[in-house]
file final.txt (compact mmCIF, C-alpha atoms)
# COMPACT_ATOMS: atom_id res chain seq x y z
CA MET A 26 7.28 -61.10 -37.32
CA PRO A 27 6.13 -59.69 -33.98
CA GLY A 28 8.87 -59.02 -31.45
CA TYR A 29 9.33 -60.37 -27.97
CA ARG A 30 7.60 -57.35 -26.44
CA GLU A 31 4.36 -58.33 -28.13
CA LEU A 32 4.66 -61.80 -26.63
CA ALA A 33 5.23 -60.27 -23.20
CA ARG A 34 2.02 -58.25 -23.55
CA ASP A 35 -0.06 -61.39 -24.00
CA GLY A 36 -1.46 -62.22 -20.55
CA GLU A 37 -2.06 -65.90 -21.27
CA PHE A 38 1.43 -66.42 -22.63
CA ARG A 39 2.94 -64.65 -19.61
CA ALA A 40 1.06 -66.94 -17.23
CA LEU A 41 2.01 -70.07 -19.17
CA PHE A 42 5.60 -68.86 -19.40
CA VAL A 43 6.00 -68.14 -15.67
CA ALA A 44 4.21 -71.34 -14.64
CA HIS A 45 6.43 -73.44 -16.87
CA VAL A 46 9.69 -71.77 -15.85
CA VAL A 47 8.90 -72.03 -12.14
CA SER A 48 7.99 -75.71 -12.31
CA VAL A 49 11.03 -76.52 -14.48
CA ALA A 50 13.36 -74.88 -11.95
CA GLY A 51 11.67 -76.82 -9.15
CA ASP A 52 12.11 -80.05 -11.07
CA GLN A 53 15.84 -79.50 -11.21
CA PHE A 54 15.89 -78.93 -7.43
CA ALA A 55 14.29 -82.34 -7.02
CA ARG A 56 16.54 -84.04 -9.57
CA VAL A 57 19.69 -82.90 -7.79
CA ALA A 58 18.15 -83.81 -4.43
CA LEU A 59 17.22 -87.33 -5.49
CA THR A 60 20.55 -87.93 -7.20
CA VAL A 61 22.54 -86.87 -4.15
CA HIS A 62 20.12 -88.61 -1.76
CA VAL A 63 20.32 -91.99 -3.49
CA TYR A 64 24.08 -91.83 -3.96
CA HIS A 65 24.68 -90.91 -0.32
CA ARG A 66 22.43 -93.73 0.92
CA THR A 67 23.78 -96.42 -1.41
CA ALA A 68 27.20 -95.22 -2.68
CA SER A 69 26.16 -96.98 -5.91
CA ALA A 70 26.61 -95.31 -9.29
CA GLY A 71 24.30 -97.93 -10.79
CA LEU A 72 21.39 -97.23 -8.44
CA THR A 73 21.93 -93.49 -8.85
CA ALA A 74 21.73 -93.76 -12.63
CA LEU A 75 18.75 -96.10 -12.45
CA THR A 76 16.91 -93.60 -10.25
CA TYR A 77 17.66 -90.90 -12.81
CA ALA A 78 16.45 -93.22 -15.56
CA LEU A 79 13.07 -93.48 -13.83
CA THR A 80 12.43 -89.87 -14.89
CA PHE A 81 12.37 -91.07 -18.52
CA LEU A 82 11.17 -94.68 -18.61
CA PRO A 83 7.55 -93.99 -17.54
CA ASP A 84 7.06 -92.24 -20.88
CA LEU A 85 7.05 -95.70 -22.43
CA VAL A 86 3.56 -96.07 -20.96
CA GLY A 87 2.57 -92.54 -19.95
CA GLY A 88 3.24 -91.00 -23.36
CA PRO A 89 0.97 -93.26 -25.42
CA LEU A 90 -1.69 -93.90 -22.75
CA LEU A 91 -2.09 -90.56 -20.99
CA SER A 92 -1.20 -87.88 -23.56
CA GLY A 93 -4.51 -88.52 -25.30
CA LEU A 94 -6.27 -86.97 -22.29
CA ALA A 95 -5.28 -83.61 -23.75
CA ASP A 96 -7.51 -84.40 -26.75
CA ARG A 97 -10.52 -85.59 -24.71
CA PHE A 98 -10.75 -82.92 -22.00
CA ALA A 99 -10.26 -79.18 -21.75
CA ARG A 100 -6.50 -78.69 -21.85
CA LYS A 101 -6.40 -76.05 -19.12
CA GLU A 102 -8.11 -78.44 -16.69
CA VAL A 103 -5.75 -81.25 -17.67
CA MET A 104 -2.73 -79.08 -16.86
CA VAL A 105 -4.10 -77.90 -13.51
CA ALA A 106 -5.03 -81.43 -12.43
CA ALA A 107 -1.62 -82.79 -13.40
CA ASP A 108 0.17 -80.03 -11.46
CA LEU A 109 -1.86 -80.67 -8.31
CA VAL A 110 -1.25 -84.41 -8.51
CA ARG A 111 2.50 -83.89 -8.86
CA ALA A 112 2.56 -81.43 -5.96
CA ALA A 113 0.87 -83.98 -3.68
CA LEU A 114 3.21 -86.79 -4.73
CA LEU A 115 6.32 -84.71 -4.10
CA LEU A 116 5.14 -83.86 -0.60
CA LEU A 117 4.83 -87.59 0.06
CA MET A 118 8.36 -88.12 -1.27
CA ALA A 119 9.64 -85.52 1.21
CA ILE A 120 8.59 -87.55 4.27
CA PRO A 121 11.84 -88.41 6.12
CA GLY A 122 12.88 -92.05 6.14
CA THR A 123 10.85 -93.00 3.07
CA PRO A 124 12.25 -96.30 1.70
CA LEU A 125 14.04 -96.08 -1.60
CA TRP A 126 11.56 -98.35 -3.35
CA VAL A 127 8.72 -96.05 -2.27
CA LEU A 128 10.63 -93.01 -3.52
CA ALA A 129 11.13 -94.77 -6.84
CA ALA A 130 7.43 -95.64 -7.10
CA LEU A 131 6.35 -92.07 -6.31
CA LEU A 132 8.87 -90.72 -8.82
CA VAL A 133 7.33 -92.92 -11.51
CA LEU A 134 3.87 -91.57 -10.66
CA VAL A 135 5.17 -87.98 -10.86
CA GLN A 136 6.44 -88.70 -14.35
CA PHE A 137 3.15 -90.32 -15.36
CA ALA A 138 1.32 -87.14 -14.36
CA GLY A 139 3.72 -85.09 -16.47
CA ALA A 140 2.72 -86.82 -19.73
CA PRO A 141 -0.78 -85.30 -20.14
CA HIS A 142 0.47 -81.94 -18.82
CA GLY A 143 3.18 -81.68 -21.47
CA ALA A 144 0.82 -82.79 -24.23
CA ALA A 145 -1.84 -80.28 -23.16
CA ARG A 146 0.68 -77.42 -23.00
CA ALA A 147 2.10 -78.23 -26.43
CA ALA A 148 -1.37 -78.45 -27.95
CA LEU A 149 -2.62 -75.29 -26.23
CA LEU A 150 0.23 -72.96 -27.20
CA PRO A 151 -0.86 -72.63 -30.88
CA GLN A 152 -4.30 -71.57 -29.60
CA ILE A 153 -2.79 -68.95 -27.32
CA LEU A 154 -0.51 -67.77 -30.15
CA PRO A 155 -2.53 -68.65 -33.27
CA ASP A 156 -0.54 -66.55 -35.71
CA GLU A 157 3.09 -66.03 -36.67
CA ARG A 158 3.92 -65.41 -33.00
CA TYR A 159 3.83 -69.15 -32.32
CA PRO A 160 7.35 -70.05 -33.57
CA ARG A 161 8.89 -67.21 -31.56
CA GLY A 162 6.83 -68.08 -28.51
CA GLN A 163 7.95 -71.71 -28.70
CA ALA A 164 11.57 -70.60 -29.09
CA VAL A 165 11.24 -68.35 -26.04
CA LEU A 166 9.78 -71.17 -23.95
CA SER A 167 12.49 -73.61 -25.02
CA THR A 168 15.37 -71.19 -24.44
CA VAL A 169 14.20 -69.88 -21.09
CA THR A 170 13.41 -73.42 -19.99
CA GLN A 171 17.11 -74.19 -20.35
CA ALA A 172 17.96 -71.05 -18.37
CA ALA A 173 15.55 -72.19 -15.63
CA GLN A 174 17.30 -75.55 -15.61
CA VAL A 175 20.65 -73.81 -15.14
CA ALA A 176 19.30 -71.82 -12.19
CA GLY A 177 17.53 -74.84 -10.78
CA PHE A 178 20.54 -77.13 -11.01
CA LEU A 179 23.00 -74.59 -9.59
CA ALA A 180 20.64 -73.52 -6.81
CA GLY A 181 19.61 -77.12 -6.26
CA GLY A 182 23.13 -78.19 -5.36
CA ALA A 183 23.44 -75.36 -2.85
CA LEU A 184 19.96 -76.00 -1.44
CA VAL A 185 20.62 -79.71 -0.94
CA ALA A 186 23.83 -78.91 0.91
CA TRP A 187 22.02 -76.32 3.06
CA LEU A 188 18.52 -77.72 3.63
CA GLY A 189 18.81 -81.41 2.84
CA PRO A 190 16.95 -83.35 0.12
CA GLU A 191 13.59 -83.59 1.92
CA LEU A 192 12.97 -79.83 2.09
CA VAL A 193 14.14 -79.44 -1.50
CA LEU A 194 11.45 -81.93 -2.56
CA VAL A 195 8.90 -79.82 -0.67
CA ALA A 196 10.10 -76.77 -2.63
CA ASP A 197 9.48 -78.64 -5.88
CA GLY A 198 5.96 -79.47 -4.74
CA VAL A 199 5.33 -75.79 -4.05
CA THR A 200 6.41 -74.87 -7.58
CA PHE A 201 3.78 -77.21 -9.02
CA GLY A 202 1.16 -75.64 -6.78
CA LEU A 203 2.14 -72.20 -8.05
CA SER A 204 1.99 -73.44 -11.64
CA ALA A 205 -1.53 -74.79 -11.10
CA PHE A 206 -2.62 -71.43 -9.65
CA LEU A 207 -1.24 -69.38 -12.55
CA ILE A 208 -2.74 -71.66 -15.19
CA GLY A 209 -6.08 -71.93 -13.46
CA VAL A 210 -6.47 -68.18 -12.91
CA PHE A 211 -4.93 -66.53 -15.97
CA LEU A 212 -5.58 -68.91 -18.87
CA LEU A 213 -8.91 -68.62 -20.65
CA ASP A 214 -11.46 -71.40 -20.39
CA ARG A 215 -11.57 -73.33 -23.64
CA PRO A 216 -13.69 -76.38 -24.41
CA ALA A 217 -12.24 -79.77 -25.17
CA PRO A 218 -11.02 -80.14 -28.78
CA HIS A 219 -13.78 -80.70 -31.30
CA ARG A 220 -13.75 -84.26 -32.57
CA PRO A 221 -15.95 -85.21 -35.53
CA HIS A 222 -16.30 -88.66 -34.04
CA VAL A 223 -15.05 -89.96 -30.71
CA ARG A 224 -13.03 -93.12 -31.19
CA ALA A 225 -12.17 -95.72 -28.60
CA TRP A 226 -8.74 -95.44 -27.02
CA PRO A 227 -7.14 -98.27 -29.08
CA ALA A 228 -8.26 -96.60 -32.31
CA ASP A 229 -6.87 -93.26 -31.14
CA LEU A 230 -3.55 -94.89 -30.26
CA VAL A 231 -3.26 -96.64 -33.61
CA GLY A 232 -4.26 -93.49 -35.49
CA GLY A 233 -1.73 -91.42 -33.59
CA ALA A 234 0.99 -93.98 -34.28
CA ARG A 235 0.25 -93.90 -37.99
CA LEU A 236 0.31 -90.12 -37.94
CA VAL A 237 3.67 -89.94 -36.15
CA TRP A 238 5.49 -92.82 -37.78
CA GLY A 239 3.97 -92.78 -41.25
CA ASP A 240 6.47 -90.42 -42.87
CA ARG A 241 10.03 -91.56 -43.60
CA ARG A 242 11.48 -88.12 -42.93
CA LEU A 243 9.71 -88.07 -39.58
CA ARG A 244 11.28 -91.40 -38.73
CA ALA A 245 14.69 -89.93 -39.52
CA LEU A 246 14.01 -87.00 -37.17
CA VAL A 247 12.94 -89.35 -34.40
CA ALA A 248 16.21 -91.28 -34.87
CA LEU A 249 18.18 -88.04 -34.52
CA ALA A 250 16.23 -87.12 -31.40
CA CYS A 251 16.97 -90.51 -29.84
CA VAL A 252 20.70 -89.78 -30.07
CA SER A 253 20.19 -87.92 -26.79
CA GLY A 254 20.20 -91.33 -25.10
CA PHE A 255 23.99 -91.24 -25.52
CA TYR A 256 25.02 -87.70 -24.64
CA ILE A 257 22.71 -87.54 -21.61
CA VAL A 258 24.95 -90.07 -19.85
CA GLY A 259 27.26 -87.37 -18.47
CA GLU A 260 24.30 -85.65 -16.83
CA ALA A 261 22.90 -88.91 -15.44
CA LEU A 262 26.24 -89.84 -13.84
CA ALA A 263 26.83 -86.33 -12.46
CA ALA A 264 26.94 -87.40 -8.81
CA PRO A 265 29.53 -90.20 -9.15
CA TYR A 266 31.46 -88.16 -11.73
CA ALA A 267 31.71 -85.24 -9.31
CA ALA A 268 32.63 -87.59 -6.46
CA GLN A 269 35.40 -89.08 -8.59
CA LEU A 270 36.82 -85.55 -8.93
CA GLY A 271 36.44 -84.80 -5.23
CA ALA A 272 33.58 -82.32 -5.70
CA GLY A 273 30.47 -82.15 -3.51
CA PRO A 274 26.80 -81.33 -4.20
CA ALA A 275 27.79 -77.98 -5.71
CA GLY A 276 29.88 -79.87 -8.26
CA VAL A 277 26.88 -82.03 -9.12
CA GLY A 278 24.82 -78.90 -9.69
CA SER A 279 27.58 -77.43 -11.86
CA ILE A 280 27.60 -80.47 -14.13
CA PHE A 281 23.81 -80.44 -14.42
CA GLY A 282 23.83 -76.70 -15.04
CA ALA A 283 26.53 -76.94 -17.72
CA TYR A 284 24.26 -78.97 -19.98
CA ALA A 285 21.37 -76.58 -19.52
CA ALA A 286 23.51 -73.45 -19.94
CA GLY A 287 25.02 -74.82 -23.13
CA ALA A 288 21.61 -75.75 -24.48
CA ALA A 289 20.26 -72.26 -23.77
CA ALA A 290 23.17 -70.62 -25.60
CA GLY A 291 22.91 -73.08 -28.47
CA MET A 292 19.20 -72.44 -28.89
CA LEU A 293 19.79 -68.70 -29.13
CA LEU A 294 22.30 -69.28 -31.92
CA VAL A 295 20.22 -71.87 -33.80
CA ALA A 296 17.11 -69.68 -33.61
CA ARG A 297 18.93 -66.96 -35.56
CA LEU A 298 19.53 -69.24 -38.55
CA SER A 299 17.19 -69.56 -41.50
CA GLU A 300 15.00 -72.64 -41.63
CA ARG A 301 17.04 -74.07 -44.47
CA ARG A 302 20.29 -73.58 -42.58
CA GLN A 303 18.81 -75.11 -39.43
CA LEU A 304 17.90 -78.26 -41.32
CA GLN A 305 21.39 -78.41 -42.79
CA VAL A 306 23.25 -78.15 -39.47
CA MET A 307 20.87 -80.35 -37.49
CA PRO A 308 22.54 -83.75 -38.14
CA TRP A 309 26.02 -82.29 -37.66
CA LEU A 310 25.02 -80.87 -34.28
CA ALA A 311 23.65 -84.27 -33.26
CA ILE A 312 27.06 -85.80 -34.01
CA ALA A 313 28.90 -83.00 -32.20
CA ALA A 314 26.75 -83.38 -29.05
CA CYS A 315 28.29 -86.83 -28.61
CA ALA A 316 31.77 -86.22 -30.00
CA VAL A 317 32.69 -83.58 -27.41
CA LEU A 318 32.27 -86.16 -24.62
CA VAL A 319 35.00 -88.47 -25.97
CA PRO A 320 37.85 -86.42 -24.34
CA ALA A 321 36.41 -87.39 -20.95
CA ALA A 322 38.47 -90.56 -21.39
CA LEU A 323 41.49 -88.44 -20.34
CA ARG A 324 39.83 -87.75 -16.95
CA PRO A 325 40.00 -83.95 -17.08
CA GLY A 326 39.36 -81.83 -14.01
CA LEU A 327 36.01 -80.37 -13.01
CA ALA A 328 36.44 -77.11 -14.94
CA VAL A 329 37.31 -78.85 -18.22
CA SER A 330 34.58 -81.44 -17.69
CA VAL A 331 31.98 -78.72 -17.15
CA GLY A 332 33.17 -77.10 -20.39
CA LEU A 333 32.77 -80.38 -22.31
CA PHE A 334 29.28 -80.88 -20.93
CA ALA A 335 28.36 -77.30 -21.82
CA LEU A 336 29.50 -77.85 -25.42
CA SER A 337 27.44 -81.03 -25.59
CA GLY A 338 24.41 -79.11 -24.35
CA ALA A 339 24.99 -76.37 -26.93
CA ALA A 340 25.08 -78.90 -29.78
CA SER A 341 21.89 -80.53 -28.44
CA ALA A 342 20.06 -77.36 -29.51
CA TYR A 343 19.40 -79.13 -32.82
CA HIS A 344 16.17 -80.29 -31.17
CA LEU A 345 14.86 -76.72 -31.47
CA VAL A 346 14.80 -77.09 -35.26
CA ALA A 347 11.84 -79.43 -34.94
CA ASN A 348 10.42 -77.93 -31.75
CA THR A 349 8.35 -75.22 -33.47
CA THR A 350 6.85 -77.31 -36.24
CA PHE A 351 5.52 -80.64 -35.03
CA VAL A 352 2.52 -79.32 -33.13
CA ARG A 353 1.29 -77.24 -36.06
CA ALA A 354 1.78 -80.14 -38.46
CA VAL A 355 -0.92 -82.35 -36.94
CA PRO A 356 -4.68 -81.70 -36.62
CA ASP A 357 -5.76 -80.06 -33.37
CA ALA A 358 -7.96 -83.01 -32.39
CA SER A 359 -4.94 -85.37 -32.46
CA ARG A 360 -2.18 -83.10 -31.15
CA GLY A 361 -2.05 -84.54 -27.65
CA GLN A 362 -1.88 -88.17 -28.74
CA ALA A 363 0.66 -87.49 -31.48
CA PHE A 364 2.80 -85.44 -29.10
CA GLY A 365 2.85 -88.22 -26.51
CA LEU A 366 3.80 -90.89 -29.00
CA ALA A 367 6.59 -88.81 -30.50
CA VAL A 368 8.08 -87.97 -27.12
CA THR A 369 7.91 -91.61 -26.01
CA ALA A 370 10.68 -92.68 -28.38
CA LEU A 371 12.88 -89.84 -27.14
CA ARG A 372 12.31 -90.48 -23.45
CA VAL A 373 12.67 -94.23 -23.66
CA SER A 374 15.98 -93.93 -25.52
CA GLN A 375 17.21 -91.60 -22.79
CA GLY A 376 16.05 -93.92 -20.02
CA ILE A 377 17.64 -96.99 -21.56
CA GLY A 378 20.88 -95.14 -22.23
CA VAL A 379 21.06 -93.90 -18.65
CA ALA A 380 20.27 -97.33 -17.19
CA LEU A 381 22.91 -99.09 -19.28
CA ALA A 382 25.49 -96.43 -18.42
CA GLY A 383 24.74 -96.88 -14.74
CA LEU A 384 25.31 -100.62 -14.99
CA ALA A 385 28.58 -100.05 -16.85
CA ALA A 386 29.71 -97.60 -14.17
CA GLU A 387 29.52 -100.40 -11.60
CA THR A 388 32.60 -102.00 -13.18
CA LEU A 389 34.27 -99.18 -15.12
CA ALA A 390 35.45 -95.71 -14.09
CA VAL A 391 32.74 -93.10 -14.57
CA HIS A 392 34.83 -90.96 -16.93
CA GLN A 393 35.41 -94.01 -19.14
CA VAL A 394 31.69 -94.69 -19.33
CA VAL A 395 30.97 -91.10 -20.35
CA ALA A 396 33.66 -91.21 -23.05
CA ALA A 397 32.41 -94.56 -24.36
CA ALA A 398 28.84 -93.24 -24.52
CA GLY A 399 30.11 -90.29 -26.54
CA ALA A 400 31.94 -92.54 -29.00
CA LEU A 401 28.94 -94.84 -29.46
CA GLY A 402 26.74 -91.77 -29.82
CA VAL A 403 28.88 -90.51 -32.70
CA LEU A 404 28.24 -93.77 -34.54
CA ALA A 405 24.50 -93.67 -33.81
CA ALA A 406 24.19 -90.00 -34.79
CA SER A 407 26.09 -90.64 -38.01
CA GLY A 408 23.70 -93.44 -38.89
CA ALA A 409 20.68 -91.27 -38.11
CA ALA A 410 22.16 -88.45 -40.18
CA ILE A 411 22.55 -90.77 -43.16
CA VAL A 412 18.92 -91.82 -42.83
CA TRP A 413 17.93 -88.14 -42.76
CA TRP A 414 19.97 -87.27 -45.82
CA LEU A 415 18.67 -90.26 -47.77
CA SER A 416 15.07 -89.43 -46.86
CA GLY A 417 15.38 -85.91 -48.24
CA SER A 418 15.49 -82.85 -45.99
CA ARG A 419 13.20 -80.49 -47.85
CA TRP A 420 10.17 -79.76 -45.78
CA ASN A 421 7.08 -77.75 -46.58
CA ALA A 422 6.68 -74.80 -44.25
CA SER A 423 3.82 -75.08 -41.78
CA ARG A 424 1.16 -72.41 -41.76
CA SER A 425 0.79 -70.40 -38.57
CA ASP A 426 -2.93 -71.04 -38.17
CA GLY A 427 -2.45 -74.52 -36.75
CA THR A 428 -2.63 -76.38 -40.05
CA SER A 429 0.09 -77.45 -42.41
CA ARG A 430 0.73 -78.81 -45.81
CA SER A 431 1.12 -82.18 -44.20
CA ASP A 432 -2.67 -82.26 -44.29
CA GLU A 433 -2.51 -82.01 -48.07
CA PRO A 434 -1.46 -84.74 -50.51
CA GLY A 435 2.28 -85.28 -50.34
CA GLY A 436 2.73 -83.07 -47.28
CA GLY A 437 5.28 -83.82 -44.60
CA LYS A 438 5.17 -83.94 -40.80
CA ARG A 439 7.72 -82.89 -38.27
CA TYR A 440 8.82 -84.03 -34.87
CA GLU A 441 9.08 -82.00 -31.70
CA ARG A 442 11.14 -82.64 -28.62
CA SER A 443 9.41 -81.69 -25.43
call {"tool": "encode", "arguments": {"input": "final.txt", "output": "structure tokens"}}
result
Amino acid sequence: MPGYRELARDGEFRALFVAHVVSVAGDQFARVALTVHVYHRTASAGLTALTYALTFLPDLVGGPLLSGLADRFARKEVMVAADLVRAALLLLMAIPGTPLWVLAALLVLVQFAGAPHGAARAALLPQILPDERYPRGQAVLSTVTQAAQVAGFLAGGALVAWLGPELVLVADGVTFGLSAFLIGVFLLDRPAPHRPHVRAWPADLVGGARLVWGDRRLRALVALACVSGFYIVGEALAAPYAAQLGAGPAGVGSIFGAYAAGAAAGMLLVARLSERRQLQVMPWLAIAACAVLVPAALRPGLAVSVGLFALSGAASAYHLVANTTFVRAVPDASRGQAFGLAVTALRVSQGIGVALAGLAAETLAVHQVVAAAGALGVLAASGAAIVWWLSGSRWNASRSDGTSRSDEPGGGKRYERS
């Protein structure tokens, strides 16, 4: 298998890599800024968590409705347009004195624009890396994305304390502008995916749903992915959790960064395992990602809490097991739609989990809510693991040319987390 140096020599992959990392780091700036901004203006853990939940709930609509754009138009143009739209919206969010309801509405629109961008990127990567480089390229993107989140969260806390939330939102807008430039200049022009017959949107949506949900093992993987709706609670309640411990914006950034740092380390370890071993440890890691949050019931200090969150992030690396296989397992003409539908279940579970945790934190101590979410997550992950084991965990290996044995009689499909 080609090494990382060969990936670095590919000009298109470098541009996609840098554009993605820059925009991911900028997103974390904005997430910290909005979390601190809303909590300072309202002193409400519930409203803070609900604002955070808005970064996930739009996928309920955006995933199914907008991801299909990546199958109807040239994917490079879809990505550039989505980046420019998000840059403009973030600049509007940075206007001082913007009412909270307007900020929430603009945040929803930013997330809507992200749906076709993510689908187009996921569908385009196998074309940029059409051979055995694809799995390694996907692993590199996933791992470094977590590293960018660490840097973005840690720097975001310091930037919010130094510059204020408005200028941090401007910085996020600039990162999307830079991403649009890199993609537009350095990626090759490719036509829209070839479609033997162009179906109406409802038919595409139904066909994509059948493709994604039609395999029982795929349904088990989606259930495991949705476990993240439990262990993400600690991240969503970072601002009130840090305030409870007497920490400021830097503490919020540390909690955010702990999840990302743990996930990056976990991905590096999981990527070294054989495919068979990855499939074996996947359900156990899903359980562990929730179980390590239960000790938060003891209200540990900031250092111990950051360690718990880092361990949870490391266990969440089980998502990488499926991350390199889903896109290659579906036909190119349906990749965008299938990607959007698969991610919808994940995002919606996260949004609902965050919203419910925020409501609970209005009456209970934040550390108790985090511990309770971990305990409930253990139960949910155990149930999903049983479904996985009962469905059978032997999967046919996908070919590196963008097709898979799922296209053959009896073939399976796999799920990817974005």
call {"tool": "atom_distance", "arguments": {"input": "final.txt", "atom1": "atom CA of Phe54 of chain A", "atom2": "atom CA of Leu150 of chain A"}}
result
25.9 Å
call {"tool": "residues_around", "arguments": {"input": "final.txt", "residues": "Leu203 of chain A", "least_positions_apart": "5", "cutoff": "9 Å", "atoms": "all atoms listed in the file", "output": "PyMOL selection string"}}
result
chain A and resi 44+47-48+108+198+208
call {"tool": "residues_around", "arguments": {"input": "final.txt", "residues": "Ser253 of chain A", "least_positions_apart": "6", "cutoff": "8 Å", "atoms": "only C-alpha atoms", "output": "JSON, numbers by chain"}}
result
{"A": [341, 371, 374, 375]}
call {"tool": "atom_distance", "arguments": {"input": "final.txt", "atom1": "atom CA of Ala288 of chain A", "atom2": "atom CA of Ala342 of chain A"}}
result
5.5 Å
call {"tool": "atom_distance", "arguments": {"input": "final.txt", "atom1": "atom CA of Arg97 of chain A", "atom2": "atom CA of Pro218 of chain A"}}
result
6.8 Å
call {"tool": "residues_around", "arguments": {"input": "final.txt", "residues": "Ala339 of chain A", "least_positions_apart": "3", "cutoff": "10 Å", "atoms": "all atoms listed in the file", "output": "list in words"}}
result
Ala283, Tyr284, Ala285, Ala286, Gly287, Ala288, Ala289, Ala290, Gly291, Met292, Leu293, Leu294, Val295, Leu310, Ala313, Ala314, Leu333, Phe334, Ala335, Leu336, Ala342 and Tyr343 of chain A
call {"tool": "residues_around", "arguments": {"input": "final.txt", "residues": "Val277 of chain A", "least_positions_apart": "2", "cutoff": "9 Å", "atoms": "all atoms listed in the file", "output": "PDB file with C-alpha atoms, keeping the file's coordinate frame"}}
result
ATOM      1  CA  VAL A  57      19.690 -82.900  -7.790  1.00  0.00           C
ATOM      2  CA  THR A  60      20.550 -87.930  -7.200  1.00  0.00           C
ATOM      3  CA  VAL A  61      22.540 -86.870  -4.150  1.00  0.00           C
ATOM      4  CA  PHE A 178      20.540 -77.130 -11.010  1.00  0.00           C
ATOM      5  CA  LEU A 179      23.000 -74.590  -9.590  1.00  0.00           C
ATOM      6  CA  GLY A 182      23.130 -78.190  -5.360  1.00  0.00           C
ATOM      7  CA  GLU A 260      24.300 -85.650 -16.830  1.00  0.00           C
ATOM      8  CA  ALA A 263      26.830 -86.330 -12.460  1.00  0.00           C
ATOM      9  CA  ALA A 264      26.940 -87.400  -8.810  1.00  0.00           C
ATOM     10  CA  PRO A 265      29.530 -90.200  -9.150  1.00  0.00           C
ATOM     11  CA  TYR A 266      31.460 -88.160 -11.730  1.00  0.00           C
ATOM     12  CA  ALA A 267      31.710 -85.240  -9.310  1.00  0.00           C
ATOM     13  CA  ALA A 268      32.630 -87.590  -6.460  1.00  0.00           C
ATOM     14  CA  ALA A 272      33.580 -82.320  -5.700  1.00  0.00           C
ATOM     15  CA  GLY A 273      30.470 -82.150  -3.510  1.00  0.00           C
ATOM     16  CA  PRO A 274      26.800 -81.330  -4.200  1.00  0.00           C
ATOM     17  CA  ALA A 275      27.790 -77.980  -5.710  1.00  0.00           C
ATOM     18  CA  SER A 279      27.580 -77.430 -11.860  1.00  0.00           C
ATOM     19  CA  ILE A 280      27.600 -80.470 -14.130  1.00  0.00           C
ATOM     20  CA  PHE A 281      23.810 -80.440 -14.420  1.00  0.00           C
ATOM     21  CA  GLY A 282      23.830 -76.700 -15.040  1.00  0.00           C
TER      22      GLY A 282
END
call {"tool": "closest_residue", "arguments": {"input": "final.txt", "among": "A:Ala328, A:Ala250, A:Ala296, A:Pro308", "to": "His344 of chain A", "atoms": "all atoms listed in the file"}}
result
A:Ala250
call {"tool": "closest_residue", "arguments": {"input": "final.txt", "among": "A:Ala58, A:Val379, A:Ala217, A:Val394", "to": "Phe98 of chain A", "atoms": "all atoms listed in the file"}}
result
A:Ala217
call {"tool": "residues_around", "arguments": {"input": "final.txt", "residues": "Glu191 of chain A", "least_positions_apart": "4", "cutoff": "10 Å", "atoms": "only C-alpha atoms", "output": "ChimeraX atom specification"}}
result
/A:55,58-59,62,115-123,185,195-196
call {"tool": "closest_residue", "arguments": {"input": "final.txt", "among": "A:Leu132, A:Ala145, A:Ile377, A:Ala396", "to": "Gly93 of chain A", "atoms": "only C-alpha atoms"}}
result
A:Ala145
